[in-house]
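Next comes upload-v3.cif, with mmCIF, C-alpha atoms.
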```cif
data_entry
#
loop_
_atom_site.label_atom_id
_atom_site.label_comp_id
_atom_site.auth_asym_id
_atom_site.auth_seq_id
_atom_site.Cartn_x
_atom_site.Cartn_y
_atom_site.Cartn_z
CA MET A 802 -18.03 -9.23 -72.47
CA THR A 803 -15.35 -8.70 -69.86
CA THR A 804 -14.45 -10.73 -66.85
CA ASP A 805 -12.90 -9.62 -63.62
CA SER A 806 -9.53 -11.34 -63.46
CA ALA A 807 -8.54 -9.85 -60.10
CA PRO A 808 -7.86 -12.60 -57.56
CA LYS A 809 -10.34 -12.94 -54.75
CA LYS A 810 -9.07 -12.22 -51.30
CA THR A 811 -9.04 -15.27 -49.08
CA LYS A 812 -9.60 -15.03 -45.37
CA GLN A 813 -6.40 -15.72 -43.51
CA PRO A 814 -6.69 -18.35 -40.78
CA PRO A 815 -5.87 -17.14 -37.28
CA ARG A 816 -2.33 -17.59 -36.05
CA PRO A 817 -2.04 -20.76 -33.92
CA GLY A 818 -1.86 -20.10 -30.20
CA THR A 819 -3.78 -16.84 -30.35
CA ALA A 820 -7.04 -15.98 -28.63
CA ARG A 821 -8.73 -15.69 -32.04
CA ALA A 822 -7.72 -19.25 -32.94
CA ALA A 823 -9.07 -20.64 -29.66
CA PHE A 824 -12.37 -18.79 -30.10
CA GLY A 825 -12.89 -20.59 -33.41
CA TYR A 826 -13.88 -23.83 -31.63
CA PRO A 827 -17.70 -23.93 -31.16
CA ASP A 828 -17.72 -25.89 -27.89
CA PHE A 829 -15.02 -23.65 -26.45
CA ARG A 830 -17.06 -20.56 -27.40
CA VAL A 831 -20.15 -21.92 -25.64
CA MET A 832 -18.23 -22.84 -22.50
CA TRP A 833 -16.24 -19.60 -22.45
CA THR A 834 -19.32 -17.39 -22.93
CA SER A 835 -21.33 -19.14 -20.24
CA ASN A 836 -18.41 -19.01 -17.82
CA PHE A 837 -17.93 -15.30 -18.51
CA LEU A 838 -21.59 -14.56 -17.77
CA SER A 839 -21.47 -16.64 -14.59
CA SER A 840 -18.22 -14.98 -13.52
CA ILE A 841 -19.84 -11.55 -13.76
CA GLY A 842 -22.22 -12.61 -11.01
CA THR A 843 -19.38 -14.13 -9.01
CA TRP A 844 -17.37 -10.91 -9.10
CA MET A 845 -20.42 -8.85 -8.22
CA GLN A 846 -20.55 -10.93 -5.06
CA ASN A 847 -16.77 -10.92 -4.58
CA VAL A 848 -16.53 -7.14 -4.66
CA LEU A 849 -19.64 -6.53 -2.57
CA LEU A 850 -19.27 -9.13 0.20
CA PRO A 851 -15.86 -7.96 1.56
CA ALA A 852 -17.09 -4.35 1.48
CA TYR A 853 -20.28 -5.39 3.28
CA ILE A 854 -18.34 -7.28 5.96
CA TYR A 855 -15.86 -4.43 6.39
CA GLU A 856 -18.70 -1.92 6.78
CA ARG A 857 -20.33 -4.08 9.47
CA THR A 858 -17.15 -4.95 11.40
CA LYS A 859 -14.62 -2.21 10.54
CA SER A 860 -11.99 -4.97 10.66
CA ALA A 861 -9.52 -6.12 7.99
CA SER A 862 -9.13 -9.31 10.02
CA ALA A 863 -12.82 -10.11 9.57
CA VAL A 864 -12.50 -9.56 5.83
CA GLY A 865 -9.54 -11.93 5.82
CA VAL A 866 -11.58 -14.61 7.58
CA PHE A 867 -14.30 -14.36 4.93
CA VAL A 868 -11.75 -14.60 2.14
CA PHE A 869 -10.49 -17.73 3.89
CA ALA A 870 -14.04 -19.12 3.85
CA GLN A 871 -14.19 -18.53 0.09
CA LEU A 872 -10.73 -19.77 -0.90
CA GLY A 873 -9.57 -21.83 2.08
CA PRO A 874 -11.42 -24.98 0.95
CA LEU A 875 -9.08 -25.07 -2.05
CA LEU A 876 -6.32 -26.07 0.36
CA LEU A 877 -8.23 -29.07 1.75
CA LEU A 878 -10.46 -30.18 -1.09
CA SER A 879 -8.57 -29.42 -4.32
CA ILE A 880 -6.56 -32.66 -4.25
CA PRO A 881 -9.50 -35.04 -3.71
CA ALA A 882 -11.58 -32.95 -6.13
CA GLY A 883 -8.86 -33.25 -8.78
CA ALA A 884 -8.63 -37.00 -8.25
CA MET A 885 -12.41 -37.35 -8.54
CA ALA A 886 -12.50 -35.19 -11.68
CA ASP A 887 -9.96 -37.55 -13.30
CA ARG A 888 -12.04 -40.62 -12.38
CA ILE A 889 -15.76 -39.92 -12.76
CA ASP A 890 -18.12 -38.31 -15.25
CA ARG A 891 -16.99 -34.69 -15.38
CA ARG A 892 -20.36 -33.49 -16.66
CA LYS A 893 -22.15 -34.69 -13.51
CA TRP A 894 -19.32 -33.46 -11.29
CA LEU A 895 -19.39 -29.94 -12.76
CA ILE A 896 -23.19 -29.69 -12.47
CA PHE A 897 -22.99 -30.87 -8.85
CA SER A 898 -20.43 -28.19 -7.98
CA GLN A 899 -22.51 -25.45 -9.66
CA ILE A 900 -25.54 -26.41 -7.55
CA ILE A 901 -23.55 -26.20 -4.31
CA GLN A 902 -22.29 -22.70 -5.18
CA MET A 903 -25.76 -21.59 -6.22
CA LEU A 904 -27.35 -22.71 -2.95
CA GLY A 905 -24.59 -21.01 -0.94
CA SER A 906 -25.17 -17.71 -2.76
CA VAL A 907 -28.94 -17.94 -2.16
CA ALA A 908 -28.22 -18.42 1.56
CA LEU A 909 -25.87 -15.41 1.55
CA GLY A 910 -28.61 -13.30 0.01
CA ILE A 911 -31.22 -14.37 2.53
CA PHE A 912 -28.89 -13.81 5.51
CA ALA A 913 -27.82 -10.37 4.23
CA ILE A 914 -31.43 -9.29 3.70
CA ALA A 915 -32.29 -10.45 7.22
CA HIS A 916 -29.14 -8.77 8.60
CA SER A 917 -28.28 -12.09 10.24
CA PRO A 918 -25.26 -12.59 12.53
CA ILE A 919 -21.87 -12.55 10.86
CA TRP A 920 -21.30 -16.25 11.57
CA THR A 921 -24.29 -17.25 9.44
CA LEU A 922 -22.84 -15.33 6.49
CA PHE A 923 -19.53 -17.08 7.11
CA LEU A 924 -21.17 -20.51 6.86
CA ALA A 925 -22.93 -19.55 3.64
CA GLN A 926 -19.70 -18.23 2.16
CA LEU A 927 -17.93 -21.41 3.24
CA SER A 928 -20.41 -23.48 1.23
CA VAL A 929 -19.70 -21.32 -1.83
CA GLY A 930 -15.99 -21.92 -1.25
CA ILE A 931 -16.51 -25.68 -1.01
CA GLY A 932 -18.43 -25.70 -4.29
CA ASN A 933 -15.70 -23.67 -5.95
CA SER A 934 -12.97 -26.02 -4.71
CA LEU A 935 -14.85 -28.98 -6.20
CA ASN A 936 -15.41 -27.17 -9.48
CA ALA A 937 -12.01 -25.56 -10.15
CA PRO A 938 -9.80 -28.61 -11.00
CA ALA A 939 -12.45 -30.22 -13.23
CA PHE A 940 -13.29 -26.99 -15.05
CA SER A 941 -9.63 -26.12 -15.61
CA ALA A 942 -9.07 -29.60 -17.07
CA VAL A 943 -12.06 -29.39 -19.41
CA LEU A 944 -11.65 -25.94 -20.95
CA PRO A 945 -8.17 -26.40 -22.53
CA SER A 946 -9.19 -29.84 -23.84
CA LEU A 947 -11.81 -28.18 -26.07
CA VAL A 948 -9.04 -26.84 -28.36
CA ARG A 949 -6.06 -28.42 -30.10
CA PRO A 950 -2.72 -28.35 -28.20
CA GLU A 951 -1.26 -25.66 -30.46
CA ASP A 952 -4.09 -23.30 -29.47
CA LEU A 953 -3.77 -23.92 -25.74
CA GLY A 954 -2.13 -20.55 -25.04
CA GLY A 955 -5.02 -18.69 -26.64
CA SER A 956 -7.62 -20.63 -24.66
CA ILE A 957 -5.86 -19.94 -21.34
CA SER A 958 -5.50 -16.26 -22.22
CA LEU A 959 -9.21 -16.04 -23.01
CA ASN A 960 -10.13 -17.87 -19.84
CA SER A 961 -8.05 -15.45 -17.77
CA ALA A 962 -9.59 -12.57 -19.71
CA SER A 963 -13.09 -13.82 -18.85
CA VAL A 964 -12.20 -13.81 -15.15
CA ASN A 965 -10.89 -10.28 -15.36
CA GLY A 966 -13.52 -9.03 -17.79
CA SER A 967 -16.11 -10.10 -15.25
CA ARG A 968 -13.97 -8.52 -12.52
CA VAL A 969 -14.41 -5.22 -14.36
CA THR A 970 -18.05 -5.69 -15.35
CA GLY A 971 -19.16 -6.95 -11.93
CA PRO A 972 -18.26 -3.82 -9.92
CA ILE A 973 -19.76 -1.58 -12.60
CA LEU A 974 -23.04 -3.52 -12.53
CA VAL A 975 -22.99 -3.44 -8.72
CA ALA A 976 -22.59 0.34 -8.76
CA ILE A 977 -25.51 0.67 -11.21
CA MET A 978 -27.77 -1.76 -9.35
CA VAL A 979 -27.06 -0.18 -5.96
CA SER A 980 -27.88 3.25 -7.41
CA TRP A 981 -31.22 1.77 -8.50
CA GLY A 982 -31.94 0.66 -4.95
CA VAL A 983 -30.95 -3.01 -5.26
CA THR A 984 -29.79 -4.31 -1.87
CA THR A 985 -26.66 -6.33 -1.07
CA GLY A 986 -28.71 -9.47 -0.43
CA GLN A 987 -30.54 -9.14 -3.73
CA VAL A 988 -27.20 -8.93 -5.56
CA PHE A 989 -26.13 -12.20 -3.93
CA ILE A 990 -29.34 -13.90 -5.10
CA PHE A 991 -28.79 -12.48 -8.59
CA ASN A 992 -25.35 -14.12 -8.57
CA ALA A 993 -26.93 -17.44 -7.61
CA ALA A 994 -28.99 -17.40 -10.82
CA THR A 995 -25.87 -16.93 -12.98
CA TYR A 996 -24.60 -20.42 -12.11
CA LEU A 997 -27.31 -21.70 -14.44
CA PHE A 998 -25.30 -20.43 -17.42
CA VAL A 999 -22.44 -22.88 -16.80
CA THR A 1000 -24.87 -25.67 -15.92
CA TRP A 1001 -26.57 -25.21 -19.30
CA ALA A 1002 -23.24 -25.13 -21.18
CA VAL A 1003 -21.94 -28.28 -19.48
CA MET A 1004 -25.12 -30.12 -20.48
CA ARG A 1005 -24.86 -28.90 -24.08
CA ILE A 1006 -21.23 -29.38 -25.16
CA LYS A 1007 -19.36 -32.60 -25.95
CA LEU A 1008 -16.80 -33.28 -23.24
CA PRO A 1009 -13.65 -35.27 -24.05
CA PRO A 1010 -13.17 -38.59 -22.23
CA ASN A 1011 -10.98 -38.66 -19.13
CA ASN A 1012 -8.72 -41.50 -20.31
CA SER A 1013 -7.48 -41.81 -16.74
CA GLN A 1014 -5.49 -44.78 -15.52
CA ARG A 1015 -8.04 -45.23 -12.67
CA GLU A 1016 -5.54 -45.15 -9.86
CA LYS A 1017 -7.03 -45.87 -6.45
CA GLY A 1018 -6.60 -44.72 -2.88
CA MET A 1019 -3.58 -42.66 -1.91
CA LYS A 1020 -1.99 -43.25 -5.30
CA ALA A 1021 -4.82 -41.32 -6.95
CA LEU A 1022 -4.64 -38.51 -4.36
CA THR A 1023 -0.87 -38.11 -4.67
CA GLY A 1024 -0.70 -38.30 -8.46
CA GLY A 1025 -0.28 -34.53 -8.86
CA PHE A 1026 2.51 -34.45 -6.28
CA ARG A 1027 4.38 -37.20 -8.14
CA VAL A 1028 4.20 -35.22 -11.37
CA ALA A 1029 5.45 -32.08 -9.59
CA ARG A 1030 8.31 -34.07 -8.06
CA ASP A 1031 9.35 -35.78 -11.28
CA ARG A 1032 9.04 -32.73 -13.54
CA LYS A 1033 11.21 -30.07 -11.94
CA SER A 1034 9.79 -27.17 -13.92
CA ILE A 1035 6.24 -27.99 -12.78
CA GLY A 1036 7.38 -28.16 -9.17
CA ARG A 1037 9.09 -24.77 -9.49
CA ILE A 1038 5.99 -23.19 -11.05
CA LEU A 1039 3.76 -24.46 -8.24
CA LEU A 1040 6.16 -23.33 -5.49
CA THR A 1041 6.49 -19.94 -7.18
CA MET A 1042 2.74 -19.44 -7.40
CA SER A 1043 2.18 -20.61 -3.84
CA SER A 1044 4.66 -18.16 -2.33
CA PHE A 1045 3.52 -15.35 -4.64
CA SER A 1046 -0.10 -15.81 -3.53
CA LEU A 1047 0.87 -15.99 0.13
CA LEU A 1048 3.23 -13.01 0.32
CA SER A 1049 2.33 -10.75 -2.61
CA LEU A 1050 -1.41 -11.16 -3.22
CA ALA A 1051 -2.87 -10.55 0.24
CA TYR A 1052 -4.01 -7.14 -1.05
CA VAL A 1053 -6.50 -8.87 -3.41
CA GLY A 1054 -8.75 -10.15 -0.63
CA LEU A 1055 -8.02 -7.17 1.60
CA PHE A 1056 -8.72 -4.60 -1.11
CA PRO A 1057 -11.42 -2.80 0.91
CA ALA A 1058 -8.99 -2.28 3.78
CA VAL A 1059 -6.19 -1.20 1.41
CA ALA A 1060 -8.44 1.38 -0.24
CA ASP A 1061 -9.56 2.74 3.13
CA LEU A 1062 -6.23 2.73 4.97
CA SER A 1063 -4.01 3.88 2.07
CA PHE A 1064 -6.26 6.28 0.18
CA GLY A 1065 -9.20 7.06 2.46
CA ILE A 1066 -11.64 5.45 0.01
CA LYS A 1067 -14.57 3.93 1.91
CA PRO A 1068 -15.68 0.53 0.56
CA LYS A 1069 -19.32 1.60 0.47
CA THR A 1070 -18.66 4.41 -2.00
CA VAL A 1071 -18.87 4.40 -5.80
CA THR A 1072 -15.23 5.57 -5.86
CA TYR A 1073 -14.15 2.28 -4.32
CA LYS A 1074 -16.03 0.28 -6.94
CA TRP A 1075 -14.40 2.31 -9.73
CA LEU A 1076 -10.96 1.79 -8.20
CA TYR A 1077 -11.61 -1.95 -8.11
CA ALA A 1078 -12.89 -1.87 -11.70
CA THR A 1079 -9.80 0.07 -12.82
CA TRP A 1080 -7.52 -2.55 -11.29
CA GLY A 1081 -9.67 -5.26 -12.89
CA THR A 1082 -9.43 -3.54 -16.29
CA GLY A 1083 -5.66 -3.71 -16.03
CA ALA A 1084 -5.87 -7.40 -15.15
CA LEU A 1085 -8.15 -8.00 -18.15
CA LEU A 1086 -5.72 -6.33 -20.54
CA GLY A 1087 -2.78 -8.17 -18.99
CA ALA A 1088 -4.49 -11.52 -19.57
CA LEU A 1089 -5.56 -10.67 -23.13
CA ALA A 1090 -2.07 -9.49 -24.04
CA ILE A 1091 -0.67 -12.98 -23.44
CA GLY A 1092 -2.89 -14.43 -26.17
CA THR A 1093 -2.61 -11.49 -28.59
CA VAL A 1094 0.33 -9.09 -28.47
CA PHE A 1095 2.64 -11.60 -26.77
CA ALA A 1096 1.22 -14.79 -28.31
CA SER A 1097 4.52 -15.68 -29.97
CA VAL A 1098 6.76 -14.71 -27.02
CA ASP A 1099 8.19 -17.40 -24.74
CA LYS A 1100 5.82 -17.49 -21.76
CA ARG A 1101 8.65 -18.52 -19.43
CA LEU A 1102 10.37 -15.22 -20.16
CA LEU A 1103 7.09 -13.29 -19.88
CA ALA A 1104 6.50 -14.72 -16.41
CA ARG A 1105 9.89 -13.57 -15.11
CA ARG A 1106 9.47 -10.10 -16.59
CA GLY A 1107 5.94 -10.04 -15.21
CA PHE A 1108 7.19 -10.54 -11.66
CA LEU A 1109 9.58 -7.64 -12.12
CA ALA A 1110 6.79 -5.45 -13.50
CA PHE A 1111 4.56 -6.47 -10.58
CA ALA A 1112 7.26 -5.48 -8.06
CA ILE A 1113 7.58 -2.05 -9.68
CA ALA A 1114 3.81 -1.50 -9.96
CA MET A 1115 3.16 -2.65 -6.39
CA THR A 1116 5.83 -0.30 -5.05
CA ALA A 1117 4.27 2.58 -6.99
CA PHE A 1118 0.78 1.65 -5.74
CA ALA A 1119 2.00 1.51 -2.12
CA THR A 1120 3.80 4.84 -2.45
CA ALA A 1121 1.02 6.71 -4.29
CA ARG A 1122 -0.71 9.62 -2.61
CA GLY A 1123 -4.02 10.99 -3.85
CA LEU A 1124 -6.77 9.51 -6.00
CA PRO A 1125 -5.28 10.08 -9.51
CA LEU A 1126 -2.10 8.16 -8.69
CA ALA A 1127 -4.09 5.48 -6.88
CA PHE A 1128 -6.12 4.79 -10.03
CA ILE A 1129 -3.12 4.94 -12.40
CA THR A 1130 -0.92 2.62 -10.36
CA ALA A 1131 -3.82 0.21 -9.66
CA PHE A 1132 -4.33 -0.12 -13.42
CA PHE A 1133 -0.70 -1.09 -14.06
CA LEU A 1134 -0.68 -3.37 -11.02
CA GLY A 1135 -3.61 -5.25 -12.55
CA ILE A 1136 -1.77 -5.64 -15.87
CA ALA A 1137 1.31 -7.08 -14.19
CA TYR A 1138 -0.70 -9.31 -11.85
CA PHE A 1139 -2.69 -11.25 -14.43
CA GLY A 1140 -0.19 -11.05 -17.25
CA THR A 1141 2.22 -12.90 -14.96
CA THR A 1142 -0.21 -15.51 -13.68
CA THR A 1143 -1.61 -16.18 -17.17
CA SER A 1144 1.91 -16.75 -18.49
CA LEU A 1145 2.70 -19.17 -15.67
CA MET A 1146 -0.53 -21.10 -16.15
CA THR A 1147 0.14 -21.38 -19.90
CA VAL A 1148 3.58 -22.86 -19.24
CA LEU A 1149 2.09 -25.31 -16.72
CA GLN A 1150 -0.87 -26.46 -18.81
CA SER A 1151 1.28 -26.97 -21.91
CA ARG A 1152 3.22 -29.65 -19.98
CA LEU A 1153 0.22 -31.71 -18.81
CA GLU A 1154 -1.48 -34.64 -20.50
CA ILE A 1155 -5.27 -34.73 -20.24
CA GLN A 1156 -5.29 -37.82 -18.01
CA ILE A 1157 -3.30 -36.04 -15.25
CA ARG A 1158 -4.39 -32.45 -15.87
CA ALA A 1159 -7.11 -32.18 -13.21
CA ARG A 1160 -4.90 -33.60 -10.44
CA VAL A 1161 -2.00 -31.27 -11.22
CA MET A 1162 -4.33 -28.31 -11.69
CA SER A 1163 -5.73 -29.03 -8.22
CA LEU A 1164 -2.23 -28.19 -6.95
CA TRP A 1165 -2.28 -24.99 -9.01
CA PHE A 1166 -5.52 -23.90 -7.36
CA MET A 1167 -4.09 -24.76 -3.96
CA ALA A 1168 -1.09 -22.60 -4.84
CA PHE A 1169 -2.98 -19.74 -6.50
CA GLY A 1170 -6.23 -19.54 -4.55
CA GLY A 1171 -5.64 -21.68 -1.50
CA THR A 1172 -2.72 -19.72 -0.06
CA ILE A 1173 -4.28 -16.28 -0.59
CA PRO A 1174 -6.64 -16.68 2.40
CA ILE A 1175 -3.72 -17.72 4.60
CA GLY A 1176 -2.01 -14.49 3.59
CA ASN A 1177 -5.21 -12.60 4.39
CA VAL A 1178 -5.40 -14.13 7.87
CA ILE A 1179 -1.72 -13.28 8.46
CA PHE A 1180 -1.65 -9.79 6.97
CA GLY A 1181 -5.17 -8.66 7.94
CA PRO A 1182 -4.23 -8.14 11.62
CA LEU A 1183 -0.93 -6.60 10.50
CA MET A 1184 -2.85 -4.06 8.40
CA ASP A 1185 -5.07 -3.29 11.38
CA ALA A 1186 -1.97 -2.67 13.49
CA ILE A 1187 0.45 -0.78 11.19
CA GLY A 1188 -1.51 0.07 8.03
CA SER A 1189 -1.58 -1.38 4.54
CA ARG A 1190 1.48 0.17 2.90
CA PRO A 1191 4.11 -1.99 4.69
CA VAL A 1192 2.20 -5.11 3.62
CA LEU A 1193 2.24 -3.92 0.01
CA TYR A 1194 6.01 -3.32 0.18
CA ILE A 1195 6.53 -6.89 1.44
CA GLY A 1196 4.61 -8.20 -1.57
CA ALA A 1197 6.68 -6.09 -3.95
CA ALA A 1198 9.95 -7.34 -2.46
CA TRP A 1199 8.93 -10.99 -2.84
CA ALA A 1200 7.84 -10.50 -6.46
CA LEU A 1201 11.28 -9.02 -7.17
CA PHE A 1202 12.91 -12.17 -5.76
CA LEU A 1203 10.65 -14.40 -7.88
CA SER A 1204 11.69 -12.56 -11.04
CA TRP A 1205 15.10 -14.15 -10.45
CA TRP A 1206 14.11 -17.49 -8.87
CA CYS A 1207 11.37 -18.55 -11.30
CA ASN A 1208 13.84 -19.31 -14.10
CA ILE A 1209 12.03 -22.08 -15.96
CA GLU A 1210 14.34 -21.78 -18.99
CA LYS A 1211 17.32 -22.75 -16.86
CA ILE A 1212 15.44 -25.65 -15.26
CA ASP A 1213 14.43 -26.95 -18.69
CA VAL A 1214 18.10 -27.06 -19.69
CA GLN A 1215 19.15 -28.85 -16.52
CA HIS A 1216 16.11 -31.18 -16.35
CA PRO A 1217 14.60 -31.69 -19.83
CA LEU A 1218 10.99 -32.85 -19.97
CA PRO A 1219 10.45 -36.49 -20.96
CA VAL A 1220 9.92 -36.98 -24.68
CA GLU A 1221 6.61 -38.62 -25.56
CA THR A 1222 6.85 -41.73 -27.67
CA SER A 1223 4.06 -43.09 -29.83
#
```
Show me this structure written as structure tokens.
Amino acid sequence: MTTDSAPKKTKQPPRPGTARAAFGYPDFRVMWTSNFLSSIGTWMQNVLLPAYIYERTKSASAVGVFVFAQLGPLLLLSIPAGAMADRIDRRKWLIFSQIIQMLGSVALGIFAIAHSPIWTLFLAQLSVGIGNSLNAPAFSAVLPSLVRPEDLGGSISLNSASVNGSRVTGPILVAIMVSWGVTTGQVFIFNAATYLFVTWAVMRIKLPPNNSQREKGMKALTGGFRVARDRKSIGRILLTMSSFSLLSLAYVGLFPAVADLSFGIKPKTVTYKWLYATWGTGALLGALAIGTVFASVDKRLLARRGFLAFAIAMTAFATARGLPLAFITAFFLGIAYFGTTTSLMTVLQSRLEIQIRARVMSLWFMAFGGTIPIGNVIFGPLMDAIGSRPVLYIGAAWALFLSWWCNIEKIDVQHPLPVETS
């Protein structure tokens, strides 16, 4: 009788901080999967609505106004929403915000089917934007808290990947559904149903307690600003993201106009949807790389190099002539765009305690999402007047400056973070 003396292979645990490690938490998996499915519907609407408005108005300015309706509420409501998310039951708050977005999308669908006046679509989109502004700080505070601190980077990378994975999947599904005869309004109603995924997940998982200090009045509203003032690196990250969104990311909301004015790609065509999906694929890979290939690299350094890569890719995209170069440069622009923002968000979130996270993250969403519509309102008329390429060059130039100015390593040396004591 013989026995096999060869040692059994043991499964190696995932490296801390990677996307694989974060995905090992059951509640995080449930929340991430439901958010990904819901985001697919959101990006179906996001890619179709600007194209629909541009087709009806032939105006980049009008597209900019609708982007403002979607993201503008982040400027006004993120701070009170963050304060509320740190004070009340986050489960009820998240469900409430999902319902508002769902009702707004249903209204968009009905108005599009009826070919209602543009202003009615604007009001419906504004309600979606309000729901999103209420949801964003609370959701961003909950998701990282579902993993241990050492796996935070992987969770943020996966969350960014879900946004961009849906940004790729959404346009592809739109192209397929439109080819089957599905109308724009029906797509909007389909998106409304996807909010039920997150609602179900929020009701199912165990949410961590807020542990907030229950500040009241203006003190609660200004809590995030105090943190940004006292922690110099956090203030620099927020100022960097705000200016980057304002001056470099106007092309995101104005993508239909950029495709038309720069490359002659009409927003109604399948080619436009594939261009958008190609850019989104790059953004997906850029986000995933932060939690996989670059999991062990200092995210402060990655952010600075990301701004430089963005400046180069944006310049190439603005200079490109012809469809092949448009697709190639859009792909690399997407990589640089979300690789950079994911790195910055990882640095920011790693410096926040759970009891202040929602209030500070409300400032992040003001910086990241809230300033984009202002840029759209500013640069939309400029695109109408002189074309899209000069606007893209402005964005590239500012990203180049940020690759020097956003030096978090230097700030950490000059202003060390406070050491927690037990």
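Nearest to Ala1168 of chain A of all the residues A:Leu1048, A:Ile889, A:Ala908, A:Met903 is A:Leu1048, counting all atoms listed in the file.
For segment 945-958 of chain A, the list of residues within 6 Å, based on all atoms listed in the file and with local chain neighbours fewer than 2 positions off taken out, reads Pro817, Gly818, Thr819, Ala820, Ala823, Phe829, Val943, Asn960, Ser961, Ala1088, Leu1089, Ile1091, Gly1092 and Thr1147 of chain A.
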Best match for closeness to Asn1177 of chain A among A:Pro851, A:Gly966, A:Gly930, A:Gly1107, counting all atoms listed in the file: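 The answer is A:Pro851, which sits nearest to Asn1177 of chain A.
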Counting only C-alpha atoms, the option among A:Lys1007, A:Lys1074, A:Arg857, A:Arg1037 closest to Arg1101 of chain A: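 Closest to Arg1101 of chain A of all the choices is A:Arg1037.
Among the candidates A:Leu1039, A:Met1115, A:Val866, A:Asp890, the residue lying nearest to Leu850 of chain A is A:Val866 (atoms considered: all atoms listed in the file).
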Residue members of the PyMOL selection byres ((chain A and resi 849) around 10) in the file shown, as a list in words: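 That expression, the PyMOL selection byres ((chain A and resi 849) around 10), corresponds here to Thr843, Trp844, Met845, Gln846, Asn847, Val848, Leu850, Pro851, Ala852, Tyr853, Ile854, Tyr855, Gly971, Pro972, Val975, Ala976, Thr985, Gly986, Val988, Phe989, Pro1057, Pro1068, Lys1069 and Lys1074 of chain A.
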Pairwise distance for atom CA of Phe912 of chain A and atom CA of Phe1056 of chain A, rounded to one decimal in Å: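 Going from atom CA of Phe912 of chain A over to atom CA of Phe1056 of chain A, I get 23.1 Å.
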Pull out every residue that the PyMOL selection byres ((chain A and resi 871) around 12) matches in the shown coordinates and put them as a PDB file with C-alpha atoms, in the frame of the given file.
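Generated output (selection_15.pdb):
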```pdb
ATOM      1  CA  THR A 843     -19.380 -14.130  -9.010  1.00  0.00           C
ATOM      2  CA  GLN A 846     -20.550 -10.930  -5.060  1.00  0.00           C
ATOM      3  CA  ASN A 847     -16.770 -10.920  -4.580  1.00  0.00           C
ATOM      4  CA  LEU A 850     -19.270  -9.130   0.200  1.00  0.00           C
ATOM      5  CA  PRO A 851     -15.860  -7.960   1.560  1.00  0.00           C
ATOM      6  CA  VAL A 864     -12.500  -9.560   5.830  1.00  0.00           C
ATOM      7  CA  GLY A 865      -9.540 -11.930   5.820  1.00  0.00           C
ATOM      8  CA  VAL A 866     -11.580 -14.610   7.580  1.00  0.00           C
ATOM      9  CA  PHE A 867     -14.300 -14.360   4.930  1.00  0.00           C
ATOM     10  CA  VAL A 868     -11.750 -14.600   2.140  1.00  0.00           C
ATOM     11  CA  PHE A 869     -10.490 -17.730   3.890  1.00  0.00           C
ATOM     12  CA  ALA A 870     -14.040 -19.120   3.850  1.00  0.00           C
ATOM     13  CA  LEU A 872     -10.730 -19.770  -0.900  1.00  0.00           C
ATOM     14  CA  GLY A 873      -9.570 -21.830   2.080  1.00  0.00           C
ATOM     15  CA  PRO A 874     -11.420 -24.980   0.950  1.00  0.00           C
ATOM     16  CA  LEU A 875      -9.080 -25.070  -2.050  1.00  0.00           C
ATOM     17  CA  LEU A 876      -6.320 -26.070   0.360  1.00  0.00           C
ATOM     18  CA  GLN A 902     -22.290 -22.700  -5.180  1.00  0.00           C
ATOM     19  CA  GLY A 905     -24.590 -21.010  -0.940  1.00  0.00           C
ATOM     20  CA  SER A 906     -25.170 -17.710  -2.760  1.00  0.00           C
ATOM     21  CA  LEU A 922     -22.840 -15.330   6.490  1.00  0.00           C
ATOM     22  CA  PHE A 923     -19.530 -17.080   7.110  1.00  0.00           C
ATOM     23  CA  LEU A 924     -21.170 -20.510   6.860  1.00  0.00           C
ATOM     24  CA  ALA A 925     -22.930 -19.550   3.640  1.00  0.00           C
ATOM     25  CA  GLN A 926     -19.700 -18.230   2.160  1.00  0.00           C
ATOM     26  CA  LEU A 927     -17.930 -21.410   3.240  1.00  0.00           C
ATOM     27  CA  SER A 928     -20.410 -23.480   1.230  1.00  0.00           C
ATOM     28  CA  VAL A 929     -19.700 -21.320  -1.830  1.00  0.00           C
ATOM     29  CA  GLY A 930     -15.990 -21.920  -1.250  1.00  0.00           C
ATOM     30  CA  ILE A 931     -16.510 -25.680  -1.010  1.00  0.00           C
ATOM     31  CA  GLY A 932     -18.430 -25.700  -4.290  1.00  0.00           C
ATOM     32  CA  ASN A 933     -15.700 -23.670  -5.950  1.00  0.00           C
ATOM     33  CA  SER A 934     -12.970 -26.020  -4.710  1.00  0.00           C
ATOM     34  CA  GLY A1054      -8.750 -10.150  -0.630  1.00  0.00           C
ATOM     35  CA  GLY A1170      -6.230 -19.540  -4.550  1.00  0.00           C
ATOM     36  CA  GLY A1171      -5.640 -21.680  -1.500  1.00  0.00           C
ATOM     37  CA  THR A1172      -2.720 -19.720  -0.060  1.00  0.00           C
ATOM     38  CA  ILE A1173      -4.280 -16.280  -0.590  1.00  0.00           C
ATOM     39  CA  PRO A1174      -6.640 -16.680   2.400  1.00  0.00           C
ATOM     40  CA  ILE A1175      -3.720 -17.720   4.600  1.00  0.00           C
ATOM     41  CA  ASN A1177      -5.210 -12.600   4.390  1.00  0.00           C
TER      42      ASN A1177
END
```
Counting all atoms listed in the file, the residue of A:Met1162, A:Ile1212, A:Leu1055, A:Leu904 that sits nearest Gly1024 of chain A: A:Met1162
Contacts of Thr995 of chain A at 10 Å (all atoms listed in the file; same-chain gap of 5+ positions) as number ranges by chain: A: 835-843, 899, 903, 990, 1000
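Closest approach to Ile1209 of chain A among A:Arg830, A:Arg1027, A:Lys859, A:Lys1033: A:Lys1033, based on all atoms listed in the file.
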